[in-house]
Amino acid sequence: MGSSIRRTDLLALSNLRNDGRKPEEIRRMRIQMGPIRTTSSGNTSEAVGGSALVEMGLTIALATVRGPMACARRADELPDRAVMDVTVKAAPFAPSGGDRRITNPNTDRRLIEISHLLKRALEATILLQLYPKSRIQVQVVVLADDGGRLCAAINAASVALVDAGIPVKDILCACSAGYAGGGTDTTLVDLNRQEESSHAGQNAVCLPCAMLPQRGTLVLSQCEARLPDFVTMDRVLEAAMDGCRAVFDILQAAIRERASVLLGMRDGHGTVVNSFAV
């Protein structure tokens, strides 16, 4: 009888990851700009300034942007810039591990943390001083979570801002890097759920970061694991920034394609193509 080899062993012999990618390769991305224009809340419908659906591997995030608009209370206004209102939610069917509990974005600790990090990254990107005494609302819903939901939320919000016509300093993009649990010392880019999880009692190292690539500005980086030295941290951070640059090329291509389609429609020719239907 012929001997058989498991898929995981074959990938390990080929120096590939569990999903077939090379260590420095990001997951496949698909982007759809303007998937929705109105949202329903009870019996009322609210217009959406911009929206974007971003898929990073099996992780999917939907972002919507409203504003600039007046603040609900004058006490919330700032005289010199706009106020950011950022919320991140997760669908009950989003987790890949079978957990179907409904999470409250106002009380769930991880969602509150992701909302805070996303707000900080967007505040460093948007030209808020152009809209004093106003409010910009950004809402992200994680539809599928296979790891890297913070990076997917940042990329979706960045594309939605461009779709809404909000002036930004640069296209904000995010990616993660780190080491998978199990004792491996190979630097991986754009970790998935399995790579973010601990193996054999060893915690994985995951460092998500967000940057403005054309300016070379790092606006966000976070690492909850302990790194052995600064050399390792620099190597992981540089790998994450390389991933951000790869993500930027994809975001830029999607935005340019969307702009060319809209210009063609203005001139009376061209149609909007749904990239997710292809």
# chains A, B, ... in the order shown; residues from 1 in each chain; ligands from 1
>>> residues_around(residues="stretch 250-267 of chain A", least_positions_apart="5", cutoff="8 Å", atoms="only C-alpha atoms", output="PyMOL selection string")
chain A and resi 29+31-33+159+162+171+173+272
>>> closest_residue(among="A:Val65, A:Leu130, A:Leu207, A:Leu78", to="A:Thr39", atoms="only C-alpha atoms")
A:Val65
>>> select_by_dssp(residues="stretch 46-256 of chain A", states="strand (DSSP E or B)", output="ChimeraX atom specification")
/A:46-47,50-56,59-69,83-90,95,126,135-145,168,173-179,188-189,199,202,205-212,217-221
>>> atom_distance(atom1="atom CA of A:Asp145", atom2="atom CA of A:Gly216")
28.7 Å
>>> atom_distance(atom1="atom CA of A:Pro79", atom2="atom CA of A:Gly67")
16.8 Å
>>> select_by_dssp(residues="stretch 132-252 of chain A", states="helix (DSSP H, G or I)", output="CSV table (one decimal) with all heavy atoms, in the first residue's frame")
chain,number,residue,atom,x,y,z
A,149,ARG,N,-9.3,40.8,13.1
A,149,ARG,CA,-10.5,41.7,12.9
A,149,ARG,C,-10.2,43.1,13.1
A,149,ARG,O,-10.9,44.0,12.5
A,149,ARG,CB,-11.6,41.2,13.8
A,149,ARG,CG,-11.4,41.3,15.3
A,149,ARG,CD,-12.6,40.9,16.0
A,149,ARG,NE,-12.4,40.9,17.5
A,149,ARG,CZ,-13.3,40.6,18.4
A,149,ARG,NH1,-14.5,40.2,17.9
A,149,ARG,NH2,-13.1,40.6,19.7
A,150,LEU,N,-9.2,43.5,13.9
A,150,LEU,CA,-8.8,44.9,14.1
A,150,LEU,C,-8.3,45.5,12.8
A,150,LEU,O,-8.7,46.6,12.3
A,150,LEU,CB,-7.8,45.1,15.2
A,150,LEU,CG,-7.2,46.5,15.3
A,150,LEU,CD1,-8.3,47.5,15.6
A,150,LEU,CD2,-6.1,46.5,16.4
A,151,CYS,N,-7.4,44.7,12.1
A,151,CYS,CA,-6.9,45.2,10.8
A,151,CYS,C,-8.0,45.3,9.8
A,151,CYS,O,-8.0,46.2,9.0
A,151,CYS,CB,-5.8,44.2,10.4
A,151,CYS,SG,-4.3,44.1,11.5
A,152,ALA,N,-8.9,44.3,9.7
A,152,ALA,CA,-9.9,44.3,8.7
A,152,ALA,C,-10.9,45.5,9.0
A,152,ALA,O,-11.3,46.2,8.1
A,152,ALA,CB,-10.7,43.0,8.8
A,153,ALA,N,-11.1,45.8,10.3
A,153,ALA,CA,-12.0,47.0,10.6
A,153,ALA,C,-11.3,48.3,10.2
A,153,ALA,O,-12.0,49.2,9.7
A,153,ALA,CB,-12.3,47.0,12.1
A,154,ILE,N,-10.0,48.4,10.4
A,154,ILE,CA,-9.3,49.6,10.0
A,154,ILE,C,-9.3,49.8,8.5
A,154,ILE,O,-9.6,50.9,8.0
A,154,ILE,CB,-7.9,49.6,10.6
A,154,ILE,CG1,-7.8,49.7,12.1
A,154,ILE,CG2,-7.0,50.7,10.0
A,154,ILE,CD1,-6.5,49.6,12.7
A,155,ASN,N,-9.0,48.7,7.8
A,155,ASN,CA,-9.0,48.8,6.3
A,155,ASN,C,-10.4,49.2,5.8
A,155,ASN,O,-10.6,50.0,4.8
A,155,ASN,CB,-8.5,47.5,5.7
A,155,ASN,CG,-7.0,47.3,6.0
A,155,ASN,OD1,-6.3,48.2,6.2
A,155,ASN,ND2,-6.7,46.0,6.2
A,156,ALA,N,-11.5,48.5,6.4
A,156,ALA,CA,-12.8,48.8,5.9
A,156,ALA,C,-13.2,50.3,6.2
A,156,ALA,O,-13.8,50.9,5.3
A,156,ALA,CB,-13.8,47.9,6.6
A,157,ALA,N,-12.9,50.8,7.4
A,157,ALA,CA,-13.2,52.1,7.7
A,157,ALA,C,-12.4,53.1,6.8
A,157,ALA,O,-13.0,54.2,6.4
A,157,ALA,CB,-12.9,52.4,9.2
A,158,SER,N,-11.2,52.8,6.5
A,158,SER,CA,-10.4,53.7,5.7
A,158,SER,C,-11.0,53.8,4.3
A,158,SER,O,-11.1,54.9,3.7
A,158,SER,CB,-9.0,53.1,5.6
A,158,SER,OG,-8.2,53.9,4.7
A,159,VAL,N,-11.4,52.7,3.7
A,159,VAL,CA,-12.0,52.7,2.4
A,159,VAL,C,-13.4,53.4,2.4
A,159,VAL,O,-13.8,54.2,1.5
A,159,VAL,CB,-12.1,51.3,1.8
A,159,VAL,CG1,-12.8,51.3,0.4
A,159,VAL,CG2,-10.8,50.7,1.7
A,160,ALA,N,-14.1,53.2,3.5
A,160,ALA,CA,-15.4,53.8,3.6
A,160,ALA,C,-15.3,55.4,3.7
A,160,ALA,O,-16.1,56.1,3.2
A,160,ALA,CB,-16.2,53.3,4.8
A,161,LEU,N,-14.3,55.8,4.4
A,161,LEU,CA,-14.0,57.3,4.4
A,161,LEU,C,-13.8,57.9,3.1
A,161,LEU,O,-14.2,58.9,2.7
A,161,LEU,CB,-12.8,57.6,5.4
A,161,LEU,CG,-13.1,57.4,6.9
A,161,LEU,CD1,-11.7,57.5,7.6
A,161,LEU,CD2,-14.1,58.4,7.4
A,162,VAL,N,-13.0,57.2,2.3
A,162,VAL,CA,-12.7,57.6,0.9
A,162,VAL,C,-14.0,57.6,0.1
A,162,VAL,O,-14.3,58.5,-0.7
A,162,VAL,CB,-11.6,56.8,0.2
A,162,VAL,CG1,-11.4,57.2,-1.2
A,162,VAL,CG2,-10.3,56.8,1.0
A,163,ASP,N,-14.8,56.6,0.3
A,163,ASP,CA,-16.1,56.5,-0.4
A,163,ASP,C,-17.0,57.6,0.0
A,163,ASP,O,-17.8,58.1,-0.8
A,163,ASP,CB,-16.8,55.2,-0.2
A,163,ASP,CG,-18.0,54.9,-1.0
A,163,ASP,OD1,-17.9,55.1,-2.2
A,163,ASP,OD2,-19.1,54.7,-0.4
A,164,ALA,N,-16.9,58.1,1.2
A,164,ALA,CA,-17.8,59.2,1.7
A,164,ALA,C,-17.2,60.5,1.3
A,164,ALA,O,-17.9,61.6,1.6
A,164,ALA,CB,-17.9,59.1,3.2
A,193,ARG,N,-6.7,33.1,12.4
A,193,ARG,CA,-7.2,32.7,13.8
A,193,ARG,C,-6.4,31.6,14.4
A,193,ARG,O,-6.0,31.7,15.5
A,193,ARG,CB,-8.7,32.3,13.7
A,193,ARG,CG,-9.2,31.6,14.9
A,193,ARG,CD,-9.3,32.6,16.1
A,193,ARG,NE,-10.2,33.7,15.8
A,193,ARG,CZ,-10.4,34.7,16.6
A,193,ARG,NH1,-9.7,34.9,17.7
A,193,ARG,NH2,-11.3,35.6,16.3
A,194,GLN,N,-6.0,30.6,13.6
A,194,GLN,CA,-5.3,29.5,14.1
A,194,GLN,C,-3.9,29.9,14.5
A,194,GLN,O,-3.3,29.5,15.5
A,194,GLN,CB,-5.2,28.4,13.0
A,194,GLN,CG,-4.5,27.1,13.5
A,194,GLN,CD,-4.5,26.0,12.5
A,194,GLN,OE1,-5.3,26.1,11.5
A,194,GLN,NE2,-3.7,25.0,12.7
A,195,GLU,N,-3.3,30.8,13.7
A,195,GLU,CA,-1.9,31.3,14.0
A,195,GLU,C,-1.9,32.2,15.2
A,195,GLU,O,-0.9,32.3,15.9
A,195,GLU,CB,-1.3,32.0,12.8
A,195,GLU,CG,-1.1,31.1,11.6
A,195,GLU,CD,-0.8,31.8,10.3
A,195,GLU,OE1,-1.1,33.0,10.2
A,195,GLU,OE2,-0.2,31.2,9.4
A,196,GLU,N,-3.0,32.9,15.5
A,196,GLU,CA,-3.1,33.8,16.6
A,196,GLU,C,-3.3,33.0,17.9
A,196,GLU,O,-3.0,33.6,19.0
A,196,GLU,CB,-4.2,34.8,16.5
A,196,GLU,CG,-4.0,35.9,15.4
A,196,GLU,CD,-5.2,36.8,15.3
A,196,GLU,OE1,-6.2,36.5,15.9
A,196,GLU,OE2,-5.0,37.8,14.6
A,230,PHE,N,14.5,43.9,21.8
A,230,PHE,CA,14.2,44.9,20.9
A,230,PHE,C,14.4,44.5,19.4
A,230,PHE,O,13.7,45.0,18.5
A,230,PHE,CB,14.9,46.2,21.2
A,230,PHE,CG,14.4,46.9,22.4
A,230,PHE,CD1,15.1,46.9,23.6
A,230,PHE,CD2,13.2,47.6,22.4
A,230,PHE,CE1,14.7,47.5,24.7
A,230,PHE,CE2,12.7,48.2,23.5
A,230,PHE,CZ,13.5,48.2,24.7
A,231,VAL,N,15.4,43.7,19.2
A,231,VAL,CA,15.7,43.2,17.8
A,231,VAL,C,14.5,42.4,17.3
A,231,VAL,O,14.1,42.6,16.1
A,231,VAL,CB,17.0,42.4,17.8
A,231,VAL,CG1,17.2,41.8,16.4
A,231,VAL,CG2,18.2,43.2,18.3
A,232,THR,N,13.9,41.6,18.1
A,232,THR,CA,12.8,40.8,17.7
A,232,THR,C,11.6,41.7,17.4
A,232,THR,O,10.8,41.6,16.4
A,232,THR,CB,12.4,39.8,18.7
A,232,THR,OG1,13.5,38.9,19.0
A,232,THR,CG2,11.2,38.9,18.3
A,233,MET,N,11.4,42.7,18.3
A,233,MET,CA,10.3,43.7,18.1
A,233,MET,C,10.5,44.4,16.8
A,233,MET,O,9.5,44.6,16.0
A,233,MET,CB,10.2,44.6,19.3
A,233,MET,CG,9.0,45.6,19.2
A,233,MET,SD,9.0,46.8,20.5
A,233,MET,CE,10.3,47.9,19.9
A,234,ASP,N,11.7,44.9,16.5
A,234,ASP,CA,11.9,45.6,15.3
A,234,ASP,C,11.6,44.7,14.0
A,234,ASP,O,11.1,45.2,13.0
A,234,ASP,CB,13.4,46.1,15.2
A,234,ASP,CG,13.6,47.3,16.2
A,234,ASP,OD1,12.6,47.9,16.6
A,234,ASP,OD2,14.8,47.5,16.5
A,235,ARG,N,12.0,43.5,14.1
A,235,ARG,CA,11.8,42.6,13.0
A,235,ARG,C,10.3,42.3,12.8
A,235,ARG,O,9.8,42.3,11.6
A,235,ARG,CB,12.5,41.2,13.2
A,235,ARG,CG,12.4,40.3,12.1
A,235,ARG,CD,13.5,39.2,12.2
A,235,ARG,NE,13.2,38.3,13.4
A,235,ARG,CZ,14.0,38.3,14.4
A,235,ARG,NH1,15.1,39.1,14.4
A,235,ARG,NH2,13.8,37.5,15.5
A,236,VAL,N,9.6,42.1,13.8
A,236,VAL,CA,8.1,41.9,13.7
A,236,VAL,C,7.4,43.1,13.2
A,236,VAL,O,6.6,43.1,12.3
A,236,VAL,CB,7.5,41.4,15.0
A,236,VAL,CG1,6.0,41.3,15.0
A,236,VAL,CG2,8.1,40.1,15.4
A,237,LEU,N,7.8,44.3,13.8
A,237,LEU,CA,7.2,45.6,13.3
A,237,LEU,C,7.5,45.9,11.9
A,237,LEU,O,6.6,46.3,11.1
A,237,LEU,CB,7.7,46.7,14.2
A,237,LEU,CG,7.1,48.1,14.0
A,237,LEU,CD1,5.6,48.0,14.1
A,237,LEU,CD2,7.7,49.1,14.9
A,238,GLU,N,8.7,45.6,11.4
A,238,GLU,CA,9.1,45.8,10.0
A,238,GLU,C,8.3,44.9,9.1
A,238,GLU,O,7.8,45.3,8.0
A,238,GLU,CB,10.6,45.6,9.8
A,238,GLU,CG,11.0,46.0,8.4
A,238,GLU,CD,10.8,47.5,8.1
A,238,GLU,OE1,10.9,48.3,8.9
A,238,GLU,OE2,10.5,47.7,6.9
A,239,ALA,N,8.1,43.7,9.5
A,239,ALA,CA,7.3,42.7,8.7
A,239,ALA,C,5.8,43.2,8.7
A,239,ALA,O,5.2,43.1,7.6
A,239,ALA,CB,7.3,41.3,9.3
A,240,ALA,N,5.3,43.7,9.8
A,240,ALA,CA,3.9,44.2,9.8
A,240,ALA,C,3.8,45.5,8.8
A,240,ALA,O,2.8,45.6,8.1
A,240,ALA,CB,3.5,44.6,11.2
A,241,MET,N,4.8,46.3,8.8
A,241,MET,CA,4.8,47.5,8.0
A,241,MET,C,4.9,47.1,6.5
A,241,MET,O,4.2,47.7,5.6
A,241,MET,CB,5.9,48.5,8.3
A,241,MET,CG,5.7,49.1,9.7
A,241,MET,SD,7.1,50.1,10.3
A,241,MET,CE,6.9,51.5,9.1
A,242,ASP,N,5.6,46.0,6.2
A,242,ASP,CA,5.7,45.5,4.8
A,242,ASP,C,4.3,45.0,4.4
A,242,ASP,O,3.9,45.2,3.3
A,242,ASP,CB,6.7,44.4,4.7
A,242,ASP,CG,8.1,44.9,4.8
A,242,ASP,OD1,8.3,46.2,4.6
A,242,ASP,OD2,9.1,44.2,5.1
A,243,GLY,N,3.6,44.4,5.4
A,243,GLY,CA,2.3,43.9,5.1
A,243,GLY,C,1.3,45.1,4.8
A,243,GLY,O,0.4,45.0,4.0
A,244,CYS,N,1.5,46.2,5.6
A,244,CYS,CA,0.7,47.4,5.4
A,244,CYS,C,0.9,47.9,4.0
A,244,CYS,O,-0.1,48.4,3.3
A,244,CYS,CB,1.0,48.4,6.4
A,244,CYS,SG,0.4,48.0,8.1
A,245,ARG,N,2.1,47.9,3.5
A,245,ARG,CA,2.4,48.4,2.2
A,245,ARG,C,1.7,47.5,1.1
A,245,ARG,O,1.3,48.0,0.1
A,245,ARG,CB,3.9,48.5,1.9
A,245,ARG,CG,4.6,49.5,2.9
A,245,ARG,CD,6.1,49.6,2.6
A,245,ARG,NE,6.8,50.4,3.6
A,245,ARG,CZ,7.4,50.0,4.6
A,245,ARG,NH1,7.5,48.7,4.8
A,245,ARG,NH2,8.0,50.8,5.5
A,246,ALA,N,1.7,46.2,1.3
A,246,ALA,CA,1.0,45.3,0.4
A,246,ALA,C,-0.5,45.6,0.4
A,246,ALA,O,-1.1,45.6,-0.6
A,246,ALA,CB,1.4,43.9,0.7
A,247,VAL,N,-1.0,45.8,1.6
A,247,VAL,CA,-2.5,46.1,1.7
A,247,VAL,C,-2.8,47.5,1.0
A,247,VAL,O,-3.8,47.6,0.3
A,247,VAL,CB,-2.9,46.2,3.2
A,247,VAL,CG1,-4.3,46.7,3.3
A,247,VAL,CG2,-2.8,44.8,3.8
A,248,PHE,N,-1.8,48.4,1.1
A,248,PHE,CA,-2.0,49.7,0.5
A,248,PHE,C,-2.2,49.6,-1.0
A,248,PHE,O,-3.0,50.3,-1.6
A,248,PHE,CB,-0.9,50.7,0.9
A,248,PHE,CG,-0.8,51.9,0.1
A,248,PHE,CD1,-1.7,53.0,0.3
A,248,PHE,CD2,0.1,52.1,-0.9
A,248,PHE,CE1,-1.7,54.1,-0.4
A,248,PHE,CE2,0.1,53.2,-1.7
A,248,PHE,CZ,-0.8,54.3,-1.4
A,249,ASP,N,-1.4,48.8,-1.6
A,249,ASP,CA,-1.4,48.6,-3.1
A,249,ASP,C,-2.8,48.1,-3.5
A,249,ASP,O,-3.4,48.5,-4.5
A,249,ASP,CB,-0.4,47.6,-3.5
A,249,ASP,CG,1.0,48.2,-3.4
A,249,ASP,OD1,1.2,49.4,-3.3
A,249,ASP,OD2,2.0,47.4,-3.2
A,250,ILE,N,-3.4,47.2,-2.7
A,250,ILE,CA,-4.7,46.6,-3.0
A,250,ILE,C,-5.8,47.7,-2.8
A,250,ILE,O,-6.7,47.8,-3.6
A,250,ILE,CB,-5.0,45.4,-2.2
A,250,ILE,CG1,-3.9,44.3,-2.5
A,250,ILE,CG2,-6.4,44.9,-2.4
A,250,ILE,CD1,-4.0,43.1,-1.6
A,251,LEU,N,-5.7,48.4,-1.7
A,251,LEU,CA,-6.7,49.5,-1.4
A,251,LEU,C,-6.6,50.6,-2.5
A,251,LEU,O,-7.7,51.0,-2.9
A,251,LEU,CB,-6.5,50.1,0.0
A,251,LEU,CG,-6.6,49.2,1.2
A,251,LEU,CD1,-6.5,50.0,2.5
A,251,LEU,CD2,-7.9,48.4,1.2
A,252,GLN,N,-5.4,51.0,-2.8
A,252,GLN,CA,-5.3,52.0,-3.8
A,252,GLN,C,-5.8,51.6,-5.2
A,252,GLN,O,-6.5,52.3,-5.9
A,252,GLN,CB,-3.8,52.4,-4.0
A,252,GLN,CG,-3.5,53.6,-4.9
A,252,GLN,CD,-2.1,53.8,-5.0
A,252,GLN,OE1,-1.3,52.9,-5.3
A,252,GLN,NE2,-1.7,55.1,-4.9
>>> closest_residue(among="A:Ala204, A:Leu188, A:Ile60, A:Val48", to="A:Lys22", atoms="only C-alpha atoms")
A:Leu188
